[in-house]
file structure_10.cif (mmCIF, C-alpha atoms)
data_model
#
loop_
_atom_site.label_atom_id
_atom_site.label_comp_id
_atom_site.auth_asym_id
_atom_site.auth_seq_id
_atom_site.Cartn_x
_atom_site.Cartn_y
_atom_site.Cartn_z
CA TYR A 39 43.91 -0.30 14.78
CA PHE A 40 40.25 -0.91 15.33
CA TYR A 41 37.24 -1.39 13.14
CA SER A 42 33.76 0.03 13.45
CA GLN A 43 30.54 -1.09 11.82
CA TYR A 44 27.56 1.21 11.68
CA SER A 45 24.31 1.76 9.85
CA ASN A 46 21.17 3.88 10.18
CA PHE A 47 17.75 4.00 8.56
CA ASN A 48 19.11 5.35 5.33
CA GLN A 49 22.63 3.90 5.35
CA PRO A 50 23.25 0.18 4.87
CA ALA A 51 26.01 -1.20 7.08
CA VAL A 52 29.58 0.04 6.53
CA LEU A 53 32.70 -1.54 8.05
CA ASN A 54 35.59 0.92 8.49
CA LEU A 55 39.18 0.50 9.73
CA TYR A 56 40.66 3.26 11.93
CA ASN A 57 44.02 3.88 13.58
CA SER A 58 44.48 4.63 17.27
CA ASN A 59 44.01 8.38 16.59
CA GLY A 60 40.54 7.71 15.18
CA GLU A 61 41.58 8.46 11.61
CA LEU A 62 39.87 6.48 8.88
CA ILE A 63 42.39 4.15 7.20
CA ARG A 64 39.98 2.59 4.75
CA THR A 65 36.50 1.20 4.26
CA ILE A 66 36.72 -2.58 4.49
CA ALA A 67 33.22 -3.39 3.25
CA GLU A 68 29.87 -1.80 2.44
CA ARG A 69 26.55 -3.58 2.36
CA LYS A 70 25.21 -1.06 -0.15
CA THR A 71 26.01 -1.84 -3.75
CA ASP A 72 25.29 0.08 -6.94
CA ILE A 73 22.20 -2.02 -7.51
CA TYR A 74 20.47 -0.18 -4.65
CA ASP A 75 20.37 2.91 -6.86
CA ASN A 76 18.00 1.11 -9.20
CA TYR A 77 15.25 0.89 -6.58
CA LEU A 78 12.97 3.24 -4.69
CA LEU A 79 13.13 1.73 -1.22
CA GLY A 80 10.57 3.80 0.61
CA LYS A 81 10.98 6.14 3.55
CA SER A 82 11.88 4.79 7.01
CA GLU A 83 10.83 6.75 10.07
CA LEU A 84 11.45 6.33 13.79
CA PHE A 85 8.89 7.62 16.31
CA THR A 86 7.11 6.75 19.57
CA ILE A 87 3.55 5.87 20.48
CA LYS A 88 2.33 6.91 23.92
CA THR A 89 0.20 4.38 25.79
CA ASP A 90 -2.64 5.16 28.18
CA GLU A 91 -0.25 4.33 31.02
CA GLY A 92 2.36 6.82 29.79
CA PHE A 93 4.88 4.48 28.17
CA GLU A 94 6.57 5.86 25.04
CA LEU A 95 6.76 2.81 22.82
CA PRO A 96 9.52 2.96 20.17
CA ALA A 97 8.11 2.38 16.68
CA ARG A 98 9.27 2.50 13.09
CA TRP A 99 7.81 1.95 9.68
CA VAL A 100 8.69 1.94 6.02
CA LEU A 101 6.31 4.03 3.96
CA PRO A 102 5.73 3.44 0.23
CA PRO A 103 8.12 5.43 -2.01
CA ASP A 104 5.19 7.38 -3.46
CA PHE A 105 3.47 7.81 -0.09
CA ASP A 106 0.39 10.06 -0.28
CA GLU A 107 -1.39 11.04 2.95
CA THR A 108 -4.68 11.31 1.08
CA LYS A 109 -4.63 7.60 0.21
CA LYS A 110 -5.36 4.55 2.38
CA TYR A 111 -2.64 1.96 2.90
CA PRO A 112 -2.69 -1.57 4.34
CA VAL A 113 -0.21 -2.38 7.11
CA ILE A 114 1.87 -5.40 8.13
CA LEU A 115 2.80 -5.34 11.83
CA ALA A 116 5.90 -7.51 12.37
CA ILE A 117 6.47 -8.57 15.98
CA TYR A 118 8.73 -10.68 18.16
CA GLY A 119 7.95 -9.55 21.68
CA GLY A 120 10.25 -11.64 23.83
CA PRO A 121 11.56 -10.13 27.08
CA CYS A 122 14.53 -7.76 26.87
CA PHE A 123 14.56 -7.77 23.06
CA GLU A 124 14.20 -4.87 20.65
CA ASP A 125 13.07 -4.71 17.03
CA VAL A 126 13.09 -0.92 16.80
CA ARG A 127 16.44 0.81 16.44
CA ASN A 128 18.08 3.31 14.13
CA SER A 129 19.78 0.76 11.94
CA TYR A 130 19.33 -0.36 8.38
CA PHE A 131 16.99 -3.27 7.76
CA HIS A 132 19.09 -6.29 6.80
CA PHE A 133 16.09 -7.90 5.13
CA LEU A 134 14.85 -6.14 2.03
CA ASP A 135 11.38 -7.74 2.08
CA ARG A 136 10.02 -4.78 4.04
CA TYR A 137 11.09 -2.44 1.25
CA PHE A 138 9.46 -4.81 -1.24
CA LEU A 139 6.22 -4.53 0.74
CA ALA A 140 6.51 -0.73 0.73
CA GLN A 141 7.12 -0.71 -3.02
CA ASN A 142 3.85 -2.59 -3.37
CA GLY A 143 1.87 -0.07 -1.34
CA ILE A 144 2.00 -1.79 2.06
CA ILE A 145 3.32 -0.03 5.17
CA PHE A 146 5.77 -2.22 7.11
CA PHE A 147 5.41 -1.44 10.84
CA GLN A 148 7.22 -2.48 14.04
CA VAL A 149 6.77 -1.42 17.66
CA ASP A 150 8.50 -2.51 20.87
CA HIS A 151 6.57 -3.08 24.09
CA ARG A 152 7.41 -1.95 27.61
CA GLY A 153 9.18 -5.26 28.38
CA SER A 154 11.75 -4.67 25.65
CA SER A 155 15.33 -3.70 26.33
CA HIS A 156 14.45 -0.02 25.75
CA PHE A 157 12.94 0.02 29.24
CA GLY A 158 15.70 -1.89 31.06
CA LYS A 159 15.14 -4.17 34.02
CA LYS A 160 12.09 -2.20 35.13
CA GLY A 161 10.32 -3.10 31.91
CA THR A 162 11.52 -6.69 31.75
CA SER A 163 10.46 -7.28 35.36
CA LEU A 164 6.88 -6.53 34.35
CA MET A 165 6.95 -9.71 32.26
CA PHE A 166 8.17 -11.97 35.07
CA ARG A 167 5.63 -14.80 35.44
CA ASN A 168 3.33 -12.69 33.26
CA LEU A 169 4.28 -13.57 29.68
CA GLY A 170 1.90 -12.65 26.91
CA LYS A 171 0.00 -9.95 28.80
CA ILE A 172 1.74 -6.57 28.67
CA GLU A 173 3.28 -7.29 25.27
CA MET A 174 -0.16 -7.87 23.77
CA GLN A 175 -1.60 -4.87 25.58
CA ASP A 176 1.04 -2.61 24.05
CA TYR A 177 0.74 -4.15 20.59
CA ILE A 178 -3.02 -3.65 20.66
CA GLU A 179 -2.64 -0.02 21.76
CA ALA A 180 -0.25 0.49 18.84
CA VAL A 181 -2.75 -1.06 16.41
CA LYS A 182 -5.51 1.17 17.77
CA TRP A 183 -3.20 4.15 17.24
CA LEU A 184 -2.58 2.99 13.68
CA ARG A 185 -6.30 2.76 12.99
CA GLN A 186 -6.67 6.43 13.95
CA GLN A 187 -4.21 7.59 11.30
CA PRO A 188 -6.09 8.98 8.28
CA PHE A 189 -3.89 7.20 5.73
CA ILE A 190 -4.26 3.71 7.26
CA ASP A 191 -6.80 1.28 5.85
CA SER A 192 -8.12 -0.06 9.16
CA THR A 193 -9.75 -3.01 7.39
CA LYS A 194 -6.37 -4.23 6.14
CA ILE A 195 -4.01 -4.60 9.08
CA GLY A 196 -2.04 -7.83 9.17
CA ILE A 197 0.25 -9.23 11.86
CA GLU A 198 3.19 -11.62 11.51
CA GLY A 199 5.82 -13.06 13.79
CA GLY A 200 8.05 -16.04 14.38
CA SER A 201 9.17 -17.91 17.47
CA TYR A 202 7.88 -15.91 20.45
CA GLY A 203 6.37 -13.56 17.89
CA GLY A 204 4.36 -16.44 16.45
CA TYR A 205 2.97 -17.13 19.91
CA MET A 206 2.04 -13.45 20.19
CA VAL A 207 0.37 -13.54 16.76
CA LEU A 208 -1.83 -16.44 17.83
CA ALA A 209 -2.69 -14.78 21.14
CA SER A 210 -3.49 -11.45 19.45
CA ILE A 211 -5.82 -12.81 16.79
CA THR A 212 -7.57 -15.01 19.35
CA GLU A 213 -8.27 -12.20 21.80
CA TYR A 214 -8.67 -9.36 19.27
CA PRO A 215 -9.91 -10.98 16.03
CA ASN A 216 -11.63 -7.83 14.80
CA LEU A 217 -8.39 -5.80 14.72
CA PHE A 218 -6.57 -7.95 12.16
CA SER A 219 -7.49 -8.97 8.65
CA ALA A 220 -4.59 -11.41 8.23
CA ALA A 221 -2.08 -13.23 10.44
CA VAL A 222 1.05 -15.29 9.76
CA ASP A 223 2.80 -17.45 12.35
CA LEU A 224 6.19 -18.11 10.77
CA TYR A 225 6.87 -21.27 12.78
CA GLY A 226 3.44 -22.83 12.53
CA ILE A 227 2.50 -25.87 14.58
CA ALA A 228 5.12 -25.52 17.33
CA ASN A 229 3.77 -22.10 18.28
CA PHE A 230 0.20 -23.38 18.04
CA VAL A 231 0.95 -26.16 20.54
CA THR A 232 2.69 -23.67 22.87
CA PHE A 233 -0.29 -21.35 22.58
CA LEU A 234 -2.76 -24.14 23.45
CA GLU A 235 -0.68 -25.19 26.43
CA ASN A 236 -0.73 -21.65 27.84
CA THR A 237 -4.41 -20.86 27.36
#
call {"tool": "encode", "arguments": {"input": "structure_10.cif", "output": "structure tokens"}}
result
Amino acid sequence: YFYSQYSNFNQPAVLNLYNSNGELIRTIAERKTDIYDNYLLGKSELFTIKTDEGFELPARWVLPPDFDETKKYPVILAIYGGPCFEDVRNSYFHFLDRYFLAQNGIIFFQVDHRGSSHFGKKGTSLMFRNLGKIEMQDYIEAVKWLRQQPFIDSTKIGIEGGSYGGYMVLASITEYPNLFSAAVDLYGIANFVTFLENT
């Protein structure tokens, strides 16, 4: 026997048990419960953003359930940004706060930079002894792309991150203060000290 866990944008995680012929024996557990049916969770989409240097940056967002292209929406960009890490993948969000934001008319947005695991060693090598540079460059290009979308309120783009993402938040708002209307460093003073030491 073996078990397999999977999820995608629209399917919360499911854990199934199979036999050696690949036949489903039974579903062991499902993250989705009946309570999910009581909520409009918003639409998740996976796409890419092309940079000026030709990199196709993986991106995803959660749009409000009643999304209307003729309206203007604020955005929260959630980042981490460490080397060889990825935020963007076709899996269900484990944290429901992003759906809560979408329900309240805020687009939740993530993008991975060229140093993420999507680009393998070639991408990660670009960050060697160069932390904080290409990640920010790609995040800023993504924000500029966002600002060109007709349904984005370019005066209301926030950025948040923790750990390495908190460091990137501080670096981004310091170098590009006019692009963001709000910023949250989830780990506060430790990232601030790290930021000061590296600038």
call {"tool": "closest_residue", "arguments": {"input": "structure_10.cif", "among": "A:Thr65, A:Asn216, A:Thr86, A:Gln141", "to": "A:Ala180", "atoms": "all atoms listed in the file"}}
result
A:Thr86
call {"tool": "closest_atom_pairs", "arguments": {"input": "structure_10.cif", "of": "stretch 55-131 of chain A", "to": "stretch 166-179 of chain A", "cutoff": "10 Å", "atoms": "all atoms listed in the file", "output": "tab-separated table"}}
result
residue	atom	partner	partner_atom	distance
A:Ile87	CA	A:Glu179	CA	8.6
A:Lys88	CA	A:Glu179	CA	8.8
A:Thr89	CA	A:Glu179	CA	6.6
A:Asp90	CA	A:Glu179	CA	8.2
A:Glu91	CA	A:Asp176	CA	9.9
A:Phe93	CA	A:Asp176	CA	9.1
A:Leu95	CA	A:Asp176	CA	8.0
A:Leu115	CA	A:Tyr177	CA	9.1
A:Ile117	CA	A:Tyr177	CA	8.6
A:Tyr118	CA	A:Glu173	CA	9.6
A:Gly119	CA	A:Glu173	CA	6.3
A:Gly120	CA	A:Glu173	CA	8.3
A:Pro121	CA	A:Leu169	CA	8.5
call {"tool": "resolve_selection", "arguments": {"input": "structure_10.cif", "expression": "the PyMOL selection byres ((chain A and resi 223) around 7)", "output": "mmCIF file with C-alpha atoms, keeping the file's coordinate frame"}}
result
data_model
loop_
_atom_site.group_PDB
_atom_site.id
_atom_site.type_symbol
_atom_site.label_atom_id
_atom_site.label_comp_id
_atom_site.auth_asym_id
_atom_site.auth_seq_id
_atom_site.Cartn_x
_atom_site.Cartn_y
_atom_site.Cartn_z
ATOM 1 C CA GLU A 198 3.190 -11.620 11.510
ATOM 2 C CA GLY A 199 5.820 -13.060 13.790
ATOM 3 C CA GLY A 200 8.050 -16.040 14.380
ATOM 4 C CA GLY A 204 4.360 -16.440 16.450
ATOM 5 C CA VAL A 207 0.370 -13.540 16.760
ATOM 6 C CA ALA A 221 -2.080 -13.230 10.440
ATOM 7 C CA VAL A 222 1.050 -15.290 9.760
ATOM 8 C CA LEU A 224 6.190 -18.110 10.770
ATOM 9 C CA TYR A 225 6.870 -21.270 12.780
ATOM 10 C CA GLY A 226 3.440 -22.830 12.530
#
call {"tool": "atom_distance", "arguments": {"input": "structure_10.cif", "atom1": "atom CA of A:Tyr130", "atom2": "atom CA of A:Ile114"}}
result
18.2 Å
call {"tool": "atom_distance", "arguments": {"input": "structure_10.cif", "atom1": "atom CA of A:Leu78", "atom2": "atom CA of A:Asp125"}}
result
23.1 Å
call {"tool": "atom_distance", "arguments": {"input": "structure_10.cif", "atom1": "atom CA of A:Arg69", "atom2": "atom CA of A:Val52"}}
result
6.3 Å
call {"tool": "residues_around", "arguments": {"input": "structure_10.cif", "residues": "A:Pro112", "least_positions_apart": "5", "cutoff": "8 Å", "atoms": "all atoms listed in the file", "output": "list of chain:residue names"}}
result
A:Gly143, A:Ile144, A:Ile145, A:Ile190, A:Asp191, A:Ser192, A:Thr193, A:Lys194, A:Ile195, A:Gly196
call {"tool": "resolve_selection", "arguments": {"input": "structure_10.cif", "expression": "the PyMOL selection byres ((chain A and resi 139) around 10)", "output": "MDAnalysis selection string"}}
result
chainID A and resid 79:80 100:102 113:114 134:138 140:146
call {"tool": "closest_residue", "arguments": {"input": "structure_10.cif", "among": "A:Ile73, A:Val149, A:Ala116, A:Ala51", "to": "A:Phe85", "atoms": "only C-alpha atoms"}}
result
A:Val149
call {"tool": "closest_residue", "arguments": {"input": "structure_10.cif", "among": "A:Tyr39, A:Tyr77, A:Phe131, A:Phe123", "to": "A:Leu55", "atoms": "only C-alpha atoms"}}
result
A:Tyr39
call {"tool": "closest_residue", "arguments": {"input": "structure_10.cif", "among": "A:Lys182, A:His132, A:Lys70, A:Arg98", "to": "A:Ser82", "atoms": "only C-alpha atoms"}}
result
A:Arg98
call {"tool": "residues_around", "arguments": {"input": "structure_10.cif", "residues": "A:Asn54", "least_positions_apart": "3", "cutoff": "7 Å", "atoms": "all atoms listed in the file", "output": "mmCIF file with C-alpha atoms, in the coordinates of the input"}}
result
data_model
loop_
_atom_site.group_PDB
_atom_site.id
_atom_site.type_symbol
_atom_site.label_atom_id
_atom_site.label_comp_id
_atom_site.auth_asym_id
_atom_site.auth_seq_id
_atom_site.Cartn_x
_atom_site.Cartn_y
_atom_site.Cartn_z
ATOM 1 C CA TYR A 41 37.240 -1.390 13.140
ATOM 2 C CA SER A 42 33.760 0.030 13.450
ATOM 3 C CA GLN A 43 30.540 -1.090 11.820
ATOM 4 C CA ARG A 64 39.980 2.590 4.750
ATOM 5 C CA THR A 65 36.500 1.200 4.260
ATOM 6 C CA ILE A 66 36.720 -2.580 4.490
#
call {"tool": "closest_residue", "arguments": {"input": "structure_10.cif", "among": "A:Asp150, A:Glu213, A:Asp72, A:Glu124", "to": "A:Ala97", "atoms": "all atoms listed in the file"}}
result
A:Asp150
call {"tool": "closest_residue", "arguments": {"input": "structure_10.cif", "among": "A:Pro215, A:Gly60, A:Gly203, A:Pro188", "to": "A:Asp106", "atoms": "only C-alpha atoms"}}
result
A:Pro188
call {"tool": "axis_aligned_box", "arguments": {"input": "structure_10.cif", "around": "stretch 116-122 of chain A", "padding_each_side": "6 Å", "output": "AutoDock Vina command-line options"}}
result
--center_x 10.2 --center_y -9.6 --center_z 19.7 --size_x 20.6 --size_y 16.1 --size_z 26.7
